[in-house]
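Text of my_file_21.cif (mmCIF, N, CA, C and O atoms) as supplied:
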data_target
loop_
_atom_site.group_PDB
_atom_site.id
_atom_site.type_symbol
_atom_site.label_atom_id
_atom_site.label_comp_id
_atom_site.auth_asym_id
_atom_site.auth_seq_id
_atom_site.Cartn_x
_atom_site.Cartn_y
_atom_site.Cartn_z
ATOM 1 N N MET A 1 -3.849 0.063 -38.942
ATOM 2 C CA MET A 1 -4.073 -1.186 -38.256
ATOM 3 C C MET A 1 -3.757 -1.005 -36.769
ATOM 4 O O MET A 1 -2.758 -0.408 -36.405
ATOM 5 N N ALA A 2 -4.596 -1.527 -35.925
ATOM 6 C CA ALA A 2 -4.414 -1.411 -34.475
ATOM 7 C C ALA A 2 -3.341 -2.389 -34.005
ATOM 8 O O ALA A 2 -3.200 -3.480 -34.546
ATOM 9 N N HIS A 3 -2.616 -1.972 -32.986
ATOM 10 C CA HIS A 3 -1.585 -2.835 -32.410
ATOM 11 C C HIS A 3 -2.205 -3.687 -31.311
ATOM 12 O O HIS A 3 -2.958 -3.180 -30.492
ATOM 13 N N PRO A 4 -1.872 -4.964 -31.252
ATOM 14 C CA PRO A 4 -2.410 -5.808 -30.178
ATOM 15 C C PRO A 4 -1.770 -5.448 -28.837
ATOM 16 O O PRO A 4 -0.672 -4.895 -28.779
ATOM 17 N N ALA A 5 -2.468 -5.760 -27.781
ATOM 18 C CA ALA A 5 -1.940 -5.502 -26.439
ATOM 19 C C ALA A 5 -0.712 -6.382 -26.211
ATOM 20 O O ALA A 5 -0.647 -7.509 -26.693
ATOM 21 N N PRO A 6 0.281 -5.864 -25.488
ATOM 22 C CA PRO A 6 1.469 -6.680 -25.219
ATOM 23 C C PRO A 6 1.095 -7.892 -24.373
ATOM 24 O O PRO A 6 0.236 -7.817 -23.502
ATOM 25 N N ARG A 7 1.741 -8.995 -24.639
ATOM 26 C CA ARG A 7 1.449 -10.232 -23.916
ATOM 27 C C ARG A 7 2.299 -10.320 -22.667
ATOM 28 O O ARG A 7 3.464 -9.936 -22.658
ATOM 29 N N ARG A 8 1.692 -10.857 -21.624
ATOM 30 C CA ARG A 8 2.420 -11.065 -20.378
ATOM 31 C C ARG A 8 3.150 -12.400 -20.443
ATOM 32 O O ARG A 8 2.650 -13.342 -21.045
ATOM 33 N N PRO A 9 4.314 -12.497 -19.819
ATOM 34 C CA PRO A 9 5.007 -13.788 -19.789
ATOM 35 C C PRO A 9 4.173 -14.821 -19.037
ATOM 36 O O PRO A 9 3.434 -14.496 -18.106
ATOM 37 N N ALA A 10 4.295 -16.065 -19.438
ATOM 38 C CA ALA A 10 3.511 -17.136 -18.834
ATOM 39 C C ALA A 10 3.886 -17.358 -17.374
ATOM 40 O O ALA A 10 3.080 -17.834 -16.584
ATOM 41 N N PHE A 11 5.111 -17.021 -16.975
ATOM 42 C CA PHE A 11 5.563 -17.275 -15.616
ATOM 43 C C PHE A 11 5.141 -16.194 -14.638
ATOM 44 O O PHE A 11 5.345 -16.331 -13.442
ATOM 45 N N ALA A 12 4.545 -15.104 -15.089
ATOM 46 C CA ALA A 12 4.118 -14.021 -14.202
ATOM 47 C C ALA A 12 2.656 -14.239 -13.819
ATOM 48 O O ALA A 12 1.764 -13.995 -14.615
ATOM 49 N N PRO A 13 2.418 -14.728 -12.602
ATOM 50 C CA PRO A 13 1.026 -14.989 -12.207
ATOM 51 C C PRO A 13 0.250 -13.686 -12.031
ATOM 52 O O PRO A 13 0.803 -12.662 -11.640
ATOM 53 N N ARG A 14 -1.022 -13.733 -12.327
ATOM 54 C CA ARG A 14 -1.889 -12.568 -12.172
ATOM 55 C C ARG A 14 -2.291 -12.466 -10.706
ATOM 56 O O ARG A 14 -2.721 -13.428 -10.100
ATOM 57 N N ARG A 15 -2.143 -11.270 -10.137
ATOM 58 C CA ARG A 15 -2.489 -11.076 -8.734
ATOM 59 C C ARG A 15 -3.966 -10.748 -8.610
ATOM 60 O O ARG A 15 -4.457 -9.849 -9.262
ATOM 61 N N THR A 16 -4.626 -11.459 -7.755
ATOM 62 C CA THR A 16 -6.025 -11.191 -7.474
ATOM 63 C C THR A 16 -6.215 -11.178 -5.971
ATOM 64 O O THR A 16 -5.386 -11.680 -5.220
ATOM 65 N N GLY A 17 -7.285 -10.587 -5.518
ATOM 66 C CA GLY A 17 -7.575 -10.580 -4.097
ATOM 67 C C GLY A 17 -6.943 -9.404 -3.397
ATOM 68 O O GLY A 17 -6.447 -8.456 -4.011
ATOM 69 N N ARG A 18 -6.958 -9.485 -2.081
ATOM 70 C CA ARG A 18 -6.463 -8.396 -1.258
ATOM 71 C C ARG A 18 -5.122 -8.756 -0.636
ATOM 72 O O ARG A 18 -4.781 -9.918 -0.490
ATOM 73 N N ARG A 19 -4.388 -7.727 -0.243
ATOM 74 C CA ARG A 19 -3.087 -7.925 0.390
ATOM 75 C C ARG A 19 -3.296 -8.413 1.826
ATOM 76 O O ARG A 19 -4.219 -7.995 2.506
ATOM 77 N N HIS A 20 -2.418 -9.271 2.287
ATOM 78 C CA HIS A 20 -2.499 -9.780 3.653
ATOM 79 C C HIS A 20 -2.303 -8.629 4.637
ATOM 80 O O HIS A 20 -1.454 -7.758 4.411
ATOM 81 N N PRO A 21 -3.057 -8.588 5.735
ATOM 82 C CA PRO A 21 -2.952 -7.471 6.685
ATOM 83 C C PRO A 21 -1.546 -7.285 7.259
ATOM 84 O O PRO A 21 -1.134 -6.154 7.517
ATOM 85 N N VAL A 22 -0.812 -8.365 7.453
ATOM 86 C CA VAL A 22 0.553 -8.235 7.989
ATOM 87 C C VAL A 22 1.451 -7.532 6.975
ATOM 88 O O VAL A 22 2.241 -6.660 7.331
ATOM 89 N N VAL A 23 1.300 -7.862 5.703
ATOM 90 C CA VAL A 23 2.099 -7.221 4.655
ATOM 91 C C VAL A 23 1.732 -5.745 4.572
ATOM 92 O O VAL A 23 2.607 -4.873 4.480
ATOM 93 N N ALA A 24 0.451 -5.432 4.635
ATOM 94 C CA ALA A 24 0.015 -4.040 4.587
ATOM 95 C C ALA A 24 0.558 -3.262 5.787
ATOM 96 O O ALA A 24 0.986 -2.110 5.649
ATOM 97 N N THR A 25 0.574 -3.890 6.947
ATOM 98 C CA THR A 25 1.107 -3.237 8.145
ATOM 99 C C THR A 25 2.600 -2.976 8.002
ATOM 100 O O THR A 25 3.082 -1.887 8.336
ATOM 101 N N LEU A 26 3.330 -3.968 7.490
ATOM 102 C CA LEU A 26 4.774 -3.784 7.310
ATOM 103 C C LEU A 26 5.079 -2.696 6.286
ATOM 104 O O LEU A 26 6.111 -2.031 6.366
ATOM 105 N N MET A 27 4.182 -2.501 5.333
ATOM 106 C CA MET A 27 4.383 -1.433 4.351
ATOM 107 C C MET A 27 4.076 -0.070 4.962
ATOM 108 O O MET A 27 4.693 0.933 4.605
ATOM 109 N N ALA A 28 3.130 -0.016 5.887
ATOM 110 C CA ALA A 28 2.710 1.266 6.466
ATOM 111 C C ALA A 28 3.616 1.727 7.607
ATOM 112 O O ALA A 28 3.695 2.926 7.883
ATOM 113 N N LEU A 29 4.301 0.810 8.262
ATOM 114 C CA LEU A 29 5.121 1.189 9.417
ATOM 115 C C LEU A 29 6.239 2.180 9.095
ATOM 116 O O LEU A 29 6.450 3.115 9.867
ATOM 117 N N PRO A 30 6.969 2.032 7.985
ATOM 118 C CA PRO A 30 7.998 3.042 7.688
ATOM 119 C C PRO A 30 7.408 4.444 7.505
ATOM 120 O O PRO A 30 7.997 5.431 7.954
ATOM 121 N N LEU A 31 6.248 4.551 6.874
ATOM 122 C CA LEU A 31 5.603 5.855 6.719
ATOM 123 C C LEU A 31 5.208 6.423 8.075
ATOM 124 O O LEU A 31 5.398 7.611 8.339
ATOM 125 N N ALA A 32 4.675 5.579 8.942
ATOM 126 C CA ALA A 32 4.294 6.036 10.275
ATOM 127 C C ALA A 32 5.523 6.522 11.050
ATOM 128 O O ALA A 32 5.474 7.558 11.717
ATOM 129 N N ALA A 33 6.621 5.801 10.956
ATOM 130 C CA ALA A 33 7.847 6.210 11.648
ATOM 131 C C ALA A 33 8.383 7.525 11.080
ATOM 132 O O ALA A 33 8.824 8.400 11.832
ATOM 133 N N LEU A 34 8.315 7.674 9.773
ATOM 134 C CA LEU A 34 8.764 8.919 9.146
ATOM 135 C C LEU A 34 7.910 10.099 9.596
ATOM 136 O O LEU A 34 8.434 11.162 9.941
ATOM 137 N N LEU A 35 6.597 9.919 9.623
ATOM 138 C CA LEU A 35 5.721 10.994 10.098
ATOM 139 C C LEU A 35 6.004 11.339 11.553
ATOM 140 O O LEU A 35 5.989 12.511 11.937
ATOM 141 N N LEU A 36 6.260 10.317 12.350
ATOM 142 C CA LEU A 36 6.563 10.552 13.763
ATOM 143 C C LEU A 36 7.833 11.382 13.918
ATOM 144 O O LEU A 36 7.879 12.330 14.708
ATOM 145 N N LEU A 37 8.860 11.063 13.132
ATOM 146 C CA LEU A 37 10.125 11.794 13.228
ATOM 147 C C LEU A 37 10.026 13.206 12.648
ATOM 148 O O LEU A 37 10.537 14.159 13.231
ATOM 149 N N VAL A 38 9.373 13.346 11.510
ATOM 150 C CA VAL A 38 9.314 14.650 10.836
ATOM 151 C C VAL A 38 8.415 15.623 11.580
ATOM 152 O O VAL A 38 8.780 16.782 11.780
ATOM 153 N N PHE A 39 7.250 15.161 12.000
ATOM 154 C CA PHE A 39 6.293 16.069 12.623
ATOM 155 C C PHE A 39 6.285 15.984 14.137
ATOM 156 O O PHE A 39 5.545 16.718 14.792
ATOM 157 N N ASP A 40 7.083 15.090 14.698
ATOM 158 C CA ASP A 40 7.300 15.000 16.136
ATOM 159 C C ASP A 40 6.005 14.869 16.937
ATOM 160 O O ASP A 40 5.720 15.673 17.812
ATOM 161 N N GLY A 41 5.227 13.851 16.615
ATOM 162 C CA GLY A 41 4.038 13.653 17.439
ATOM 163 C C GLY A 41 3.190 12.483 16.991
ATOM 164 O O GLY A 41 3.105 12.161 15.809
ATOM 165 N N TRP A 42 2.563 11.835 17.972
ATOM 166 C CA TRP A 42 1.678 10.715 17.687
ATOM 167 C C TRP A 42 0.372 11.173 17.053
ATOM 168 O O TRP A 42 -0.301 10.404 16.397
ATOM 169 N N GLU A 43 0.007 12.453 17.270
ATOM 170 C CA GLU A 43 -1.248 12.956 16.718
ATOM 171 C C GLU A 43 -1.251 12.874 15.197
ATOM 172 O O GLU A 43 -2.253 12.510 14.580
ATOM 173 N N THR A 44 -0.132 13.196 14.577
ATOM 174 C CA THR A 44 -0.042 13.154 13.122
ATOM 175 C C THR A 44 -0.163 11.724 12.620
ATOM 176 O O THR A 44 -0.861 11.455 11.629
ATOM 177 N N VAL A 45 0.495 10.803 13.301
ATOM 178 C CA VAL A 45 0.420 9.399 12.908
ATOM 179 C C VAL A 45 -1.018 8.897 13.055
ATOM 180 O O VAL A 45 -1.544 8.213 12.175
ATOM 181 N N ALA A 46 -1.672 9.252 14.152
ATOM 182 C CA ALA A 46 -3.055 8.823 14.375
ATOM 183 C C ALA A 46 -3.990 9.428 13.337
ATOM 184 O O ALA A 46 -4.896 8.754 12.833
ATOM 185 N N THR A 47 -3.772 10.693 12.997
ATOM 186 C CA THR A 47 -4.609 11.348 11.989
ATOM 187 C C THR A 47 -4.430 10.679 10.637
ATOM 188 O O THR A 47 -5.401 10.426 9.920
ATOM 189 N N GLN A 48 -3.197 10.383 10.277
ATOM 190 C CA GLN A 48 -2.931 9.729 9.000
ATOM 191 C C GLN A 48 -3.564 8.340 8.964
ATOM 192 O O GLN A 48 -4.179 7.960 7.971
ATOM 193 N N ALA A 49 -3.422 7.592 10.034
ATOM 194 C CA ALA A 49 -4.011 6.253 10.091
ATOM 195 C C ALA A 49 -5.528 6.330 10.005
ATOM 196 O O ALA A 49 -6.168 5.511 9.339
ATOM 197 N N SER A 50 -6.105 7.316 10.665
ATOM 198 C CA SER A 50 -7.555 7.492 10.620
ATOM 199 C C SER A 50 -8.010 7.834 9.208
ATOM 200 O O SER A 50 -9.031 7.329 8.738
ATOM 201 N N SER A 51 -7.260 8.695 8.525
ATOM 202 C CA SER A 51 -7.616 9.073 7.158
ATOM 203 C C SER A 51 -7.539 7.874 6.209
ATOM 204 O O SER A 51 -8.415 7.681 5.364
ATOM 205 N N VAL A 52 -6.504 7.088 6.354
ATOM 206 C CA VAL A 52 -6.366 5.902 5.502
ATOM 207 C C VAL A 52 -7.496 4.911 5.803
ATOM 208 O O VAL A 52 -8.080 4.343 4.897
ATOM 209 N N GLY A 53 -7.811 4.743 7.079
ATOM 210 C CA GLY A 53 -8.905 3.854 7.441
ATOM 211 C C GLY A 53 -10.236 4.315 6.882
ATOM 212 O O GLY A 53 -11.039 3.510 6.400
ATOM 213 N N ALA A 54 -10.485 5.624 6.926
ATOM 214 C CA ALA A 54 -11.728 6.163 6.370
ATOM 215 C C ALA A 54 -11.755 5.988 4.857
ATOM 216 O O ALA A 54 -12.813 5.690 4.276
ATOM 217 N N MET A 55 -10.614 6.160 4.207
ATOM 218 C CA MET A 55 -10.553 6.008 2.766
ATOM 219 C C MET A 55 -10.830 4.553 2.364
ATOM 220 O O MET A 55 -11.458 4.295 1.336
ATOM 221 N N LEU A 56 -10.371 3.617 3.178
ATOM 222 C CA LEU A 56 -10.594 2.199 2.908
ATOM 223 C C LEU A 56 -11.983 1.739 3.340
ATOM 224 O O LEU A 56 -12.376 0.626 3.047
ATOM 225 N N GLY A 57 -12.702 2.616 4.016
ATOM 226 C CA GLY A 57 -14.061 2.278 4.439
ATOM 227 C C GLY A 57 -14.139 1.466 5.695
ATOM 228 O O GLY A 57 -15.037 0.672 5.885
ATOM 229 N N ARG A 58 -13.183 1.661 6.602
ATOM 230 C CA ARG A 58 -13.190 0.912 7.863
ATOM 231 C C ARG A 58 -13.378 1.842 9.014
ATOM 232 O O ARG A 58 -12.972 2.902 9.079
#

What is this structure when it is put down as structure tokens?
Amino acid sequence: MAHPAPRRPAFAPRRTGRRHPVVATLMALPLAALLLLVFDGWETVATQASSVGAMLGR
């Protein structure tokens, strides 16, 4: 006999749509700062941002 899928609690709303740009920026800033410190240069941060932008289709 197959097991049914686990049920989600009623109080947990389902997330739909896209993340707000400010939230996405706040999530990306620590990574950008870490890359800047580890690799010591804006070129790495710019390359990473460009790669993420290309991956997102922008």

Worksheet item: In Å to one decimal, how far is atom N of Ala54 of chain A from atom N of Gly17 of chain A?
Response: 20.7 Å

Edge lengths and centre in Å, axis-aligned, segment 33-47 of chain A plus 3 Å each side, as AutoDock Vina command-line options:
--center_x 2.6 --center_y 11.3 --center_z 13.6 --size_x 21.9 --size_y 17.0 --size_z 14.8

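Of the residues under consideration (A:Leu26, A:Ala32, A:Pro4, A:Arg19), A:Ala32 shows the shortest atom-to-atom contact distance to Ala46 of chain A when counting all atoms listed in the file.
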
Worksheet item: Interatomic distance between atom O of Met55 of chain A and atom CA of Trp42 of chain A?
Response: 21.9 Å

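Computed from the coordinates, the atom C of Arg18 of chain A to atom O of Leu35 of chain A distance equals 27.1 Å.
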